[in-house]
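Okay, entry-v8.cif now, which holds mmCIF, C-alpha atoms and all ligand atoms:
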data_target
loop_
_atom_site.label_atom_id
_atom_site.label_comp_id
_atom_site.auth_asym_id
_atom_site.auth_seq_id
_atom_site.Cartn_x
_atom_site.Cartn_y
_atom_site.Cartn_z
CA MET C 1 -2.43 -7.30 63.97
CA GLY C 2 0.79 -5.32 63.44
CA GLU C 3 3.16 -5.65 60.52
CA LEU C 4 5.09 -8.92 60.42
CA LYS C 5 8.71 -8.14 61.27
CA THR C 6 10.28 -11.41 62.40
CA ILE C 7 9.42 -15.05 61.80
CA GLY C 8 10.92 -18.26 63.15
CA VAL C 9 11.38 -21.62 61.46
CA LEU C 10 11.92 -25.05 63.02
CA THR C 11 11.92 -28.73 62.08
CA SER C 12 10.32 -31.20 64.48
CA GLY C 13 9.68 -34.95 64.82
CA GLY C 14 11.39 -37.30 62.36
CA ASP C 15 13.76 -35.77 59.80
CA ALA C 16 13.06 -36.07 56.10
CA PRO C 17 15.07 -35.26 52.96
CA GLY C 18 13.87 -31.95 51.55
CA MET C 19 13.42 -30.23 54.92
CA ASN C 20 16.44 -28.06 54.08
CA ALA C 21 14.86 -27.00 50.80
CA ALA C 22 11.79 -25.88 52.79
CA ILE C 23 13.93 -23.99 55.33
CA ARG C 24 15.80 -22.28 52.48
CA ALA C 25 12.54 -21.26 50.82
CA VAL C 26 11.23 -19.82 54.11
CA VAL C 27 14.44 -17.87 54.75
CA ARG C 28 14.67 -16.43 51.25
CA THR C 29 10.98 -15.62 50.82
CA ALA C 30 11.03 -13.80 54.15
CA ALA C 31 14.25 -11.92 53.35
CA TYR C 32 12.90 -10.93 49.94
CA ASN C 33 9.92 -9.39 51.72
CA GLY C 34 12.07 -7.58 54.28
CA ILE C 35 11.22 -9.95 57.15
CA ARG C 36 13.86 -11.13 59.63
CA VAL C 37 14.15 -14.92 60.08
CA MET C 38 15.21 -16.73 63.23
CA GLY C 39 16.22 -20.39 63.05
CA VAL C 40 15.10 -22.49 66.02
CA ARG C 41 17.29 -25.54 66.68
CA LYS C 42 16.06 -29.03 67.68
CA GLY C 43 12.32 -28.54 67.24
CA TYR C 44 10.27 -27.20 70.11
CA ASN C 45 13.21 -27.78 72.49
CA GLY C 46 14.95 -24.78 70.93
CA LEU C 47 11.87 -22.67 71.45
CA ILE C 48 11.77 -23.56 75.14
CA THR C 49 15.50 -23.09 75.77
CA GLY C 50 16.00 -20.13 73.43
CA ASP C 51 18.37 -22.00 71.08
CA ILE C 52 17.60 -19.46 68.38
CA PHE C 53 19.82 -17.67 65.84
CA GLU C 54 19.35 -15.23 63.01
CA MET C 55 19.39 -16.71 59.49
CA ASN C 56 20.12 -14.91 56.25
CA PRO C 57 19.74 -15.80 52.56
CA ARG C 58 23.44 -16.56 52.01
CA GLY C 59 23.55 -18.71 55.14
CA VAL C 60 21.25 -21.27 53.51
CA SER C 61 23.43 -21.60 50.37
CA GLU C 62 24.42 -25.20 49.58
CA THR C 63 21.59 -26.65 51.68
CA LEU C 64 19.08 -27.37 48.89
CA GLN C 65 20.80 -30.61 47.95
CA ARG C 66 21.53 -31.84 51.49
CA GLY C 67 19.48 -34.47 53.31
CA GLY C 68 18.56 -34.19 57.00
CA THR C 69 17.87 -30.78 58.50
CA VAL C 70 20.42 -28.03 59.18
CA LEU C 71 18.22 -26.88 62.08
CA GLN C 72 18.35 -30.39 63.58
CA THR C 73 15.20 -31.96 64.91
CA ALA C 74 14.05 -33.55 68.15
CA ARG C 75 11.07 -34.62 70.16
CA CYS C 76 10.17 -32.46 73.14
CA GLN C 77 8.10 -33.86 76.01
CA GLU C 78 7.93 -30.57 77.90
CA PHE C 79 6.18 -28.90 74.97
CA ARG C 80 3.26 -31.29 75.38
CA THR C 81 2.37 -29.58 78.68
CA ALA C 82 0.50 -26.28 79.04
CA GLU C 83 3.52 -24.86 80.89
CA GLY C 84 5.82 -25.87 78.03
CA VAL C 85 3.64 -24.17 75.44
CA ALA C 86 3.38 -21.01 77.59
CA ARG C 87 7.16 -21.00 78.01
CA ALA C 88 7.69 -21.41 74.24
CA ALA C 89 5.26 -18.57 73.50
CA GLU C 90 7.11 -16.38 76.01
CA ILE C 91 10.50 -17.15 74.40
CA ALA C 92 9.01 -16.37 70.97
CA ARG C 93 7.84 -13.02 72.33
CA ILE C 94 11.28 -12.26 73.84
CA PHE C 95 12.95 -12.95 70.48
CA GLY C 96 10.31 -10.86 68.69
CA ILE C 97 9.00 -13.86 66.70
CA ASP C 98 5.51 -12.97 65.46
CA GLY C 99 5.06 -15.99 63.18
CA LEU C 100 6.51 -19.50 63.14
CA VAL C 101 6.86 -22.07 60.35
CA VAL C 102 6.85 -25.64 61.70
CA ILE C 103 8.11 -28.37 59.37
CA GLY C 104 7.17 -31.84 60.66
CA GLY C 105 4.39 -34.37 61.06
CA ASP C 106 1.04 -34.70 62.85
CA GLY C 107 2.58 -34.40 66.33
CA SER C 108 4.43 -31.24 65.39
CA PHE C 109 1.19 -29.77 64.02
CA ARG C 110 -0.60 -30.43 67.32
CA GLY C 111 2.16 -28.35 68.91
CA ALA C 112 1.72 -25.63 66.26
CA ARG C 113 -2.02 -25.56 66.99
CA ASP C 114 -1.36 -25.08 70.72
CA LEU C 115 1.19 -22.35 70.02
CA SER C 116 -1.25 -20.55 67.75
CA ALA C 117 -3.82 -20.62 70.58
CA ALA C 118 -1.12 -19.13 72.84
CA GLY C 119 -0.78 -16.13 70.51
CA VAL C 120 2.09 -17.05 68.13
CA SER C 121 0.96 -17.28 64.48
CA THR C 122 1.89 -20.71 63.13
CA ILE C 123 1.97 -22.35 59.72
CA GLY C 124 2.79 -26.06 59.30
CA ILE C 125 4.56 -27.76 56.42
CA PRO C 126 4.22 -31.58 56.12
CA GLY C 127 7.61 -33.27 56.20
CA THR C 128 7.72 -37.01 56.83
CA ILE C 129 9.01 -39.89 54.75
CA ASP C 130 5.92 -41.92 55.74
CA ASN C 131 3.54 -39.68 53.72
CA ASP C 132 0.89 -40.43 56.33
CA ILE C 133 -0.67 -37.00 56.88
CA ALA C 134 -4.32 -37.21 55.90
CA CYS C 135 -4.97 -33.67 54.66
CA THR C 136 -2.17 -33.69 52.09
CA GLU C 137 -1.51 -35.90 49.09
CA TYR C 138 2.20 -35.44 49.56
CA CYS C 139 4.70 -34.98 52.41
CA ILE C 140 8.27 -33.77 51.90
CA GLY C 141 10.74 -36.67 51.96
CA PHE C 142 8.49 -39.44 50.65
CA ASP C 143 9.86 -39.51 47.10
CA THR C 144 13.49 -39.54 48.22
CA ALA C 145 12.81 -42.36 50.69
CA LEU C 146 11.06 -44.34 47.95
CA ASN C 147 13.93 -43.89 45.53
CA THR C 148 16.52 -44.85 48.14
CA ALA C 149 14.58 -48.02 48.99
CA MET C 150 14.00 -48.82 45.31
CA GLU C 151 17.71 -48.57 44.44
CA ALA C 152 18.64 -50.84 47.36
CA ILE C 153 15.94 -53.39 46.48
CA ASP C 154 16.98 -53.45 42.80
CA LYS C 155 20.47 -54.43 43.93
CA ILE C 156 19.17 -57.17 46.21
CA ARG C 157 17.00 -58.42 43.36
CA ASP C 158 20.03 -58.83 41.05
CA THR C 159 21.68 -61.24 43.43
CA ALA C 160 18.38 -62.94 44.38
CA THR C 161 17.62 -63.70 40.72
CA SER C 162 21.11 -65.09 40.14
CA HIS C 163 20.63 -67.59 42.97
CA GLU C 164 16.89 -68.12 42.53
CA ARG C 165 16.31 -66.83 46.02
CA SER C 166 13.48 -65.29 47.88
CA SER C 167 14.03 -61.93 49.62
CA VAL C 168 12.19 -60.32 52.48
CA ILE C 169 12.89 -56.59 52.67
CA GLU C 170 11.75 -54.66 55.72
CA VAL C 171 11.05 -51.01 54.94
CA MET C 172 10.06 -48.11 57.19
CA GLY C 173 6.45 -47.56 58.22
CA ARG C 174 5.36 -48.28 61.79
CA ASP C 175 1.73 -47.30 61.28
CA ALA C 176 1.64 -46.52 57.58
CA GLY C 177 2.26 -48.74 54.57
CA TYR C 178 2.76 -46.08 51.90
CA ILE C 179 6.50 -46.68 51.52
CA ALA C 180 5.98 -50.46 51.36
CA LEU C 181 3.12 -50.25 48.87
CA HIS C 182 4.67 -47.70 46.52
CA VAL C 183 8.13 -49.25 46.54
CA GLY C 184 6.64 -52.75 46.35
CA ILE C 185 4.80 -51.87 43.15
CA SER C 186 7.87 -50.09 41.76
CA CYS C 187 10.09 -53.11 42.43
CA GLY C 188 7.60 -55.78 41.34
CA ALA C 189 7.09 -57.44 44.73
CA GLU C 190 5.21 -60.75 44.92
CA ALA C 191 3.86 -59.79 48.34
CA ILE C 192 3.44 -56.42 50.09
CA ILE C 193 2.58 -56.53 53.78
CA ILE C 194 1.33 -53.28 55.34
CA PRO C 195 -0.09 -52.26 58.73
CA GLU C 196 -3.41 -51.10 57.25
CA LYS C 197 -4.33 -54.63 56.10
CA THR C 198 -4.54 -57.80 58.14
CA PHE C 199 -2.55 -60.52 56.45
CA ASN C 200 -2.52 -64.26 56.36
CA PHE C 201 0.96 -65.77 56.01
CA ASP C 202 -0.15 -68.80 53.97
CA GLU C 203 -2.44 -66.87 51.64
CA ASP C 204 -0.55 -63.60 51.25
CA VAL C 205 3.10 -64.72 51.43
CA LEU C 206 3.59 -68.44 50.81
CA ARG C 207 1.01 -68.81 48.07
CA PRO C 208 2.29 -66.03 45.75
CA ILE C 209 5.83 -67.40 46.14
CA ILE C 210 4.88 -71.01 45.37
CA GLU C 211 2.58 -70.00 42.51
CA GLY C 212 5.24 -67.67 41.14
CA LYS C 213 7.75 -70.53 41.17
CA ASN C 214 5.28 -72.74 39.30
CA ARG C 215 4.81 -70.01 36.70
CA GLY C 216 8.56 -69.89 36.12
CA LYS C 217 9.67 -66.96 38.26
CA SER C 218 13.31 -66.88 39.31
CA HIS C 219 13.08 -64.66 42.38
CA TYR C 220 10.45 -63.80 44.95
CA LEU C 221 10.27 -60.46 46.67
CA VAL C 222 8.34 -59.76 49.86
CA ILE C 223 8.15 -56.13 51.06
CA LEU C 224 7.31 -55.87 54.73
CA ALA C 225 6.44 -52.61 56.52
CA GLU C 226 8.27 -52.55 59.87
CA GLY C 227 5.02 -52.04 61.81
CA VAL C 228 3.76 -55.50 60.85
CA GLY C 229 6.73 -57.66 61.81
CA SER C 230 10.40 -58.42 61.34
CA ALA C 231 12.11 -59.60 58.16
CA ILE C 232 14.40 -62.23 59.75
CA PRO C 233 11.75 -64.53 61.30
CA MET C 234 9.57 -64.16 58.21
CA ALA C 235 12.47 -65.18 55.95
CA GLN C 236 13.10 -68.24 58.15
CA GLU C 237 9.44 -69.26 57.91
CA ILE C 238 9.39 -68.86 54.11
CA GLU C 239 12.51 -71.00 53.76
CA LYS C 240 11.09 -73.63 56.12
CA HIS C 241 7.79 -73.94 54.23
CA THR C 242 8.98 -73.58 50.62
CA GLY C 243 12.53 -74.92 50.68
CA ILE C 244 13.58 -71.79 48.76
CA SER C 245 16.69 -70.08 50.12
CA THR C 246 15.43 -66.81 51.64
CA LYS C 247 17.42 -63.77 52.80
CA ALA C 248 16.20 -60.95 55.00
CA THR C 249 17.29 -57.32 54.68
CA VAL C 250 16.30 -54.47 56.98
CA LEU C 251 16.78 -51.19 55.10
CA GLY C 252 16.47 -49.06 58.25
CA HIS C 253 17.72 -45.50 58.45
CA ILE C 254 19.25 -45.48 55.00
CA GLN C 255 15.69 -44.53 53.93
CA ARG C 256 15.80 -41.28 55.90
CA GLY C 257 18.97 -39.88 54.41
CA GLY C 258 20.37 -38.77 51.10
CA SER C 259 20.10 -35.86 48.74
CA PRO C 260 16.44 -34.99 48.06
CA THR C 261 14.95 -35.82 44.66
CA VAL C 262 13.60 -33.19 42.27
CA GLN C 263 10.09 -33.84 43.57
CA ASP C 264 11.10 -33.23 47.20
CA ARG C 265 13.10 -30.10 46.39
CA LEU C 266 10.28 -28.70 44.29
CA VAL C 267 7.43 -29.42 46.72
CA ALA C 268 9.52 -28.19 49.68
CA SER C 269 10.34 -24.96 47.83
CA ARG C 270 6.70 -24.39 46.93
CA MET C 271 5.50 -25.11 50.47
CA GLY C 272 8.15 -22.94 52.16
CA PHE C 273 7.31 -20.05 49.83
CA ALA C 274 3.55 -20.49 50.46
CA ALA C 275 4.03 -20.67 54.25
CA VAL C 276 5.69 -17.24 54.40
CA GLU C 277 3.07 -15.73 52.10
CA LEU C 278 0.37 -17.02 54.48
CA LEU C 279 2.10 -15.39 57.46
CA ILE C 280 2.41 -12.14 55.51
CA ALA C 281 -1.34 -12.36 54.80
CA GLY C 282 -1.93 -12.53 58.58
CA LYS C 283 -2.96 -16.21 58.66
CA THR C 284 -2.38 -18.56 61.59
CA ASN C 285 -3.15 -22.18 62.51
CA ARG C 286 -2.89 -23.24 58.84
CA LEU C 287 -1.16 -26.13 57.11
CA VAL C 288 0.35 -25.84 53.65
CA VAL C 289 -0.75 -28.98 51.80
CA MET C 290 -1.01 -30.53 48.37
CA GLN C 291 -4.52 -31.30 47.11
CA ASN C 292 -5.32 -32.18 43.50
CA ASN C 293 -1.65 -31.50 42.77
CA LYS C 294 -1.97 -27.87 43.87
CA ILE C 295 -0.46 -26.15 46.91
CA VAL C 296 -3.31 -24.92 49.12
CA ASP C 297 -3.82 -24.37 52.86
CA VAL C 298 -6.17 -25.90 55.43
CA ASP C 299 -7.00 -25.24 59.06
CA ILE C 300 -4.65 -27.26 61.33
CA THR C 301 -7.45 -28.49 63.59
CA GLU C 302 -9.55 -29.63 60.63
CA GLY C 303 -6.53 -31.17 58.92
CA LEU C 304 -5.63 -33.19 62.02
CA GLU C 305 -9.15 -34.62 62.21
CA MET C 306 -8.97 -36.13 58.72
CA GLN C 307 -8.29 -39.86 58.23
CA LYS C 308 -6.05 -41.24 55.53
CA SER C 309 -6.83 -44.56 53.90
CA ILE C 310 -4.78 -46.76 51.66
CA ASP C 311 -5.76 -47.03 47.98
CA GLU C 312 -7.37 -50.48 47.62
CA ASN C 313 -6.99 -50.28 43.88
CA LEU C 314 -3.20 -50.04 44.21
CA ILE C 315 -3.17 -53.15 46.42
CA ARG C 316 -5.29 -55.05 43.88
CA MET C 317 -3.09 -53.84 41.02
CA SER C 318 0.12 -54.90 42.80
CA LYS C 319 -1.18 -58.48 42.90
CA VAL C 320 -2.17 -58.47 39.23
CA LEU C 321 1.15 -57.02 38.05
CA SER C 322 3.25 -59.54 39.94
CA TRP C 323 1.40 -62.37 38.21
P1 LIG C 401 5.86 -35.86 64.08
O1 LIG C 401 5.75 -34.37 64.06
O2 LIG C 401 6.80 -36.37 63.03
O3 LIG C 401 4.50 -36.53 64.08
P2 LIG C 401 6.09 -36.41 66.96
O4 LIG C 401 4.75 -37.03 67.08
O5 LIG C 401 7.22 -37.02 67.70
O6 LIG C 401 6.58 -36.27 65.44
O7 LIG C 401 5.93 -34.90 67.44
C1 LIG C 401 7.02 -34.00 67.45
C2 LIG C 401 6.91 -33.04 68.63
O8 LIG C 401 5.69 -32.30 68.53
C3 LIG C 401 6.81 -33.72 69.99
O9 LIG C 401 8.05 -34.06 70.51
C4 LIG C 401 6.14 -32.64 70.83
O10 LIG C 401 7.07 -31.65 71.21
C5 LIG C 401 5.17 -32.04 69.84
N1 LIG C 401 3.86 -32.69 70.00
C6 LIG C 401 3.51 -33.94 69.63
N2 LIG C 401 2.25 -34.23 69.97
C7 LIG C 401 1.78 -33.14 70.62
C8 LIG C 401 0.53 -32.80 71.24
N3 LIG C 401 -0.49 -33.66 71.26
N4 LIG C 401 0.41 -31.57 71.79
C9 LIG C 401 1.44 -30.70 71.75
N5 LIG C 401 2.64 -30.96 71.19
C10 LIG C 401 2.82 -32.15 70.63
#

For the structure just supplied, provide its representation as structure tokens.
Amino acid sequence: MGELKTIGVLTSGGDAPGMNAAIRAVVRTAAYNGIRVMGVRKGYNGLITGDIFEMNPRGVSETLQRGGTVLQTARCQEFRTAEGVARAAEIARIFGIDGLVVIGGDGSFRGARDLSAAGVSTIGIPGTIDNDIACTEYCIGFDTALNTAMEAIDKIRDTATSHERSSVIEVMGRDAGYIALHVGISCGAEAIIIPEKTFNFDEDVLRPIIEGKNRGKSHYLVILAEGVGSAIPMAQEIEKHTGISTKATVLGHIQRGGSPTVQDRLVASRMGFAAVELLIAGKTNRLVVMQNNKIVDVDITEGLEMQKSIDENLIRMSKVLSW
């Protein structure tokens, strides 16, 4: 393999706060090592259409603290086909891109794996607010999303307590309950409903509310992951069965935005730095991940085969602490 002269960087799939900090780290680590960096806009779409521009260290100033992604992100159907991957590899070759850093989720890593097989060295960085990638303890964006949800829920709780209300808050998580579980514990929820666990409305929602009322509680908080159901009908059911006034709130896309927290800036910086060092070392088809609180790398194919499970002990603890 020849000397690494030019690398590309793109963000793909759902955006997450901290992606910019990762892009900045990639650009500056590369520049420091005398490597040219090309930014690819809108995920794999930009690689297929050639929406590619040169980036430099000063160009990423003032991005560390910004949410979203300055490279924009998108989903790209064409890239899922063999022709799409071949086209992307050809465009990378035309632009002289020998290595590519892909910041995204599982889907984006499947694309990176295919691109690596097509001859472009690829390194993935996990960025998704859902924190649902099995081979890493942490994904960029999770902490910011949690803090955004927590601040919103604290505000709702103030008014709920004043009126002795019940609140159902729908948080993000179509297939994963990590946001719901972590924010639920952090906000003292009476009930946390997540996709990984089947739930019984009477046992898991009504009972903790009624028992909480009998023990003298003045508000009742239900955190619902969006993948399980909708907040509005659940709030109506709670009100119907308990007689307690119940309001529904859907937090929605507010959870995706905002300035990244220290944790997200720090992890993104460490991962971006590590990704370029891996490319310099001649590696491909690797993911930069966090394991045992350390930044390490794993094979993409092996990483994608891993299964993530929810921590049963956290679920048990959440019930005890809302007693
Ligand atoms: P995420 O990366 O957040 O999981 P997606 O699943 O939407 O988001 O994937 C982002 C993009 O990655 C897709 O639009 C597509 O271009 C590419 N991709 C997803 N799955 C595959 C796959 N199985 N093979 C090749 N490319 C894929």

Nearest to Val26 in chain C by atom-to-atom distance, counting all atoms listed in the file, from C:Ser61, C:Ser322, C:Ser269, C:Thr198: C:Ser269

For Arg110 in chain C, which of C:Lys308, C:Lys247, C:Arg157, C:Arg286 is the closest residue, counting all atoms listed in the file? C:Arg286

Could you list, as a count of residues only, all protein and nucleic acid residues with an atom at most 10 Å from ligand LIG 401 (chain C), counting only C-alpha atoms and all ligand atoms? 43

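Around the coordinate (2.1, -35.8, 49.0), residues that reach within 9 Å when counting all atoms listed in the file are Pro126, Asn131, Asp132, Ile133, Thr136, Glu137, Tyr138, Cys139, Ile140, Phe142, Asp143, Val267, Val289, Met290, Gln291 and Asn293 of chain C.
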
Which polymer residues have any atom within 8 Å of an atom of Met271 in chain C, counting all atoms listed in the file, with same-chain residues fewer than 3 positions away left out, as a ChimeraX atom specification? /C:22,125,267-268,274-275,288-289,295

Distance criterion (only C-alpha atoms): nearest to Gln255 in chain C out of C:Ile185, C:Ala225, C:Ala176, C:Leu146: C:Leu146

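Using only C-alpha atoms for every distance, the candidate list C:Met55, C:Asp297, C:Ser318, C:Ser162 yields C:Asp297 as the residue closest to Leu279 in chain C.
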
Have a look at CA of Glu164 in chain C and CA of Gly227 in chain C and let me know their distance in Å, one decimal. 27.8 Å

I want to know what sits within 8 Å of Pro208 in chain C, based on all atoms listed in the file, with residues of the same chain fewer than 4 positions away left out; could you give that as a PyMOL selection string? chain C and resi 190-191+203-204+212

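Residue nearest Ile310 in chain C, chosen from C:Gly188, C:Pro233, C:Gly216, C:Gly177 and counting all atoms listed in the file: C:Gly177.
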
With distances taken over all atoms listed in the file, which of C:Ser218, C:Ser116, C:Thr144, C:Thr246 is nearest to Asp158 in chain C? C:Ser218
